[in-house]
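Reproduced below: target.cif, with mmCIF, C-alpha atoms and all ligand atoms.
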```cif
data_coords
#
loop_
_atom_site.group_PDB
_atom_site.id
_atom_site.type_symbol
_atom_site.label_atom_id
_atom_site.label_comp_id
_atom_site.auth_asym_id
_atom_site.auth_seq_id
_atom_site.Cartn_x
_atom_site.Cartn_y
_atom_site.Cartn_z
ATOM 1 C CA MET A 17 -6.323 4.081 -13.559
ATOM 2 C CA GLU A 18 -3.097 2.098 -13.586
ATOM 3 C CA THR A 19 -0.139 2.703 -11.305
ATOM 4 C CA LEU A 20 3.201 3.539 -12.903
ATOM 5 C CA ASN A 21 6.434 3.883 -10.943
ATOM 6 C CA LEU A 22 9.392 5.388 -12.729
ATOM 7 C CA THR A 23 13.037 5.583 -11.853
ATOM 8 C CA ILE A 24 14.512 8.717 -13.398
ATOM 9 C CA GLY A 25 18.170 9.249 -14.100
ATOM 10 C CA GLY A 26 19.774 12.669 -14.146
ATOM 11 C CA MET A 27 17.720 14.236 -11.339
ATOM 12 C CA SER A 28 19.850 15.871 -8.658
ATOM 13 C CA CYS A 29 17.957 18.647 -6.888
ATOM 14 C CA GLY A 30 14.678 20.393 -6.260
ATOM 15 C CA HIS A 31 14.798 22.084 -9.642
ATOM 16 C CA CYS A 32 14.824 18.676 -11.288
ATOM 17 C CA VAL A 33 11.807 17.654 -9.215
ATOM 18 C CA ALA A 34 10.026 20.833 -10.313
ATOM 19 C CA ARG A 35 10.887 20.240 -13.984
ATOM 20 C CA VAL A 36 9.651 16.670 -13.967
ATOM 21 C CA SER A 37 6.530 17.667 -12.030
ATOM 22 C CA LYS A 38 5.799 20.381 -14.569
ATOM 23 C CA ALA A 39 6.418 18.111 -17.560
ATOM 24 C CA LEU A 40 3.967 15.525 -16.245
ATOM 25 C CA GLY A 41 1.534 17.817 -14.473
ATOM 26 C CA GLY A 42 -0.076 19.147 -17.626
ATOM 27 C CA MET A 43 -0.836 15.795 -19.223
ATOM 28 C CA GLU A 44 -4.446 14.667 -19.608
ATOM 29 C CA GLY A 45 -5.167 11.206 -18.293
ATOM 30 C CA LEU A 46 -2.283 11.306 -15.865
ATOM 31 C CA ASP A 47 -2.210 11.953 -12.114
ATOM 32 C CA VAL A 48 1.118 12.711 -10.480
ATOM 33 C CA GLU A 49 1.101 11.118 -7.028
ATOM 34 C CA ALA A 50 4.682 11.977 -6.054
ATOM 35 C CA VAL A 51 7.948 13.123 -7.591
ATOM 36 C CA ARG A 52 11.228 12.733 -5.745
ATOM 37 C CA ILE A 53 14.843 12.997 -6.830
ATOM 38 C CA GLY A 54 15.282 9.935 -9.036
ATOM 39 C CA ALA A 55 11.714 8.649 -8.990
ATOM 40 C CA ALA A 56 8.075 9.382 -9.744
ATOM 41 C CA GLU A 57 4.842 7.681 -8.725
ATOM 42 C CA LEU A 58 2.052 8.143 -11.225
ATOM 43 C CA ARG A 59 -1.404 6.922 -12.085
ATOM 44 C CA TYR A 60 -2.587 6.963 -15.667
ATOM 45 C CA ASP A 61 -5.616 6.052 -17.726
ATOM 46 C CA PRO A 62 -4.398 3.506 -20.305
ATOM 47 C CA GLU A 63 -7.215 4.485 -22.679
ATOM 48 C CA ARG A 64 -5.952 8.069 -22.848
ATOM 49 C CA ARG A 65 -2.225 7.803 -22.157
ATOM 50 C CA SER A 66 0.514 5.342 -23.057
ATOM 51 C CA VAL A 67 3.580 4.594 -20.976
ATOM 52 C CA ASP A 68 5.689 5.582 -23.997
ATOM 53 C CA GLU A 69 4.122 9.050 -24.059
ATOM 54 C CA ILE A 70 4.833 9.490 -20.367
ATOM 55 C CA LEU A 71 8.457 8.380 -20.768
ATOM 56 C CA GLU A 72 8.802 10.719 -23.744
ATOM 57 C CA ALA A 73 7.580 13.703 -21.704
ATOM 58 C CA VAL A 74 10.213 13.016 -19.043
ATOM 59 C CA ARG A 75 12.907 12.602 -21.714
ATOM 60 C CA ASP A 76 11.836 15.887 -23.326
ATOM 61 C CA ALA A 77 12.353 17.577 -19.958
ATOM 62 C CA GLY A 78 15.969 16.345 -20.055
ATOM 63 C CA TYR A 79 15.962 13.203 -17.887
ATOM 64 C CA GLU A 80 16.302 9.454 -18.350
ATOM 65 C CA PRO A 81 13.202 7.596 -17.187
ATOM 66 C CA SER A 82 12.647 3.882 -16.969
ATOM 67 C CA VAL A 83 9.791 1.825 -15.634
ATOM 68 C CA ALA A 84 10.576 0.543 -12.143
ATOM 69 C CA ALA A 85 10.168 -3.180 -11.540
HETATM 70 CU CU CU A 101 18.304 19.590 -10.341
#
```
Would you mind giving the structure from this file in structure tokens?
Ligand SMILES: [Cu+2]
Amino acid sequence: METLNLTIGGMSCGHCVARVSKALGGMEGLDVEAVRIGAAELRYDPERRSVDEILEAVRDAGYEPSVAA
């Protein structure tokens, strides 16, 4: 598993945290370590999941993710 830290624009409250958690929580090959307002800490299996797919899921939930440095 690889670690992936995201910064996520557009999150402002607990509902946003719940939406992002839900969007990511159902994905195979992805473990959600933590979601906070504006950030998420994830672990993913690069053989089953791409970073682009993960970013896409967050975008589909209505937010603006980017990979943290
Ligand atoms: Cu919110």
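By chain and then residue number, the residues within 10 Å of Ala50 in chain A are A:Asn21, A:Val33, A:Ser37, A:Asp47, A:Ala55, A:Ala56, A:Glu57, A:Leu58, A:Arg59, counting all atoms listed in the file and disregarding those fewer than 3 positions away in sequence.
If you measure from each of A:Ile70, A:Leu20, A:Ile53, A:Leu46 to ligand CU 101 (chain A) using all atoms listed in the file, the closest one turns out to be A:Ile53.
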Using only C-alpha atoms and all ligand atoms, determine which residues fall within 6 Å of ligand CU 101 (chain A), then list them as a PDB file with C-alpha atoms, in the frame of the given file.
```pdb
ATOM      1  CA  MET A  27      17.720  14.236 -11.339  1.00  0.00           C
ATOM      2  CA  SER A  28      19.850  15.871  -8.658  1.00  0.00           C
ATOM      3  CA  CYS A  29      17.957  18.647  -6.888  1.00  0.00           C
ATOM      4  CA  GLY A  30      14.678  20.393  -6.260  1.00  0.00           C
ATOM      5  CA  HIS A  31      14.798  22.084  -9.642  1.00  0.00           C
ATOM      6  CA  CYS A  32      14.824  18.676 -11.288  1.00  0.00           C
TER       7      CYS A  32
END
```
In Å to one decimal, how far is CA of Arg52 in chain A from CA of Thr23 in chain A? 9.6 Å
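For the residues A:Thr19, A:Ser66, A:Ala77, A:Asp61, ranking by smallest atom-to-atom distance to Lys38 in chain A using all atoms listed in the file places A:Ala77 first.
Taking all atoms listed in the file into account, the polymer residues that have an atom no farther than 12 Å from (13.5, 18.6, -22.6) are Cys32, Arg35, Val36, Lys38, Ala39, Leu40, Leu71, Glu72, Ala73, Val74, Arg75, Asp76, Ala77, Gly78, Tyr79 and Glu80 of chain A.
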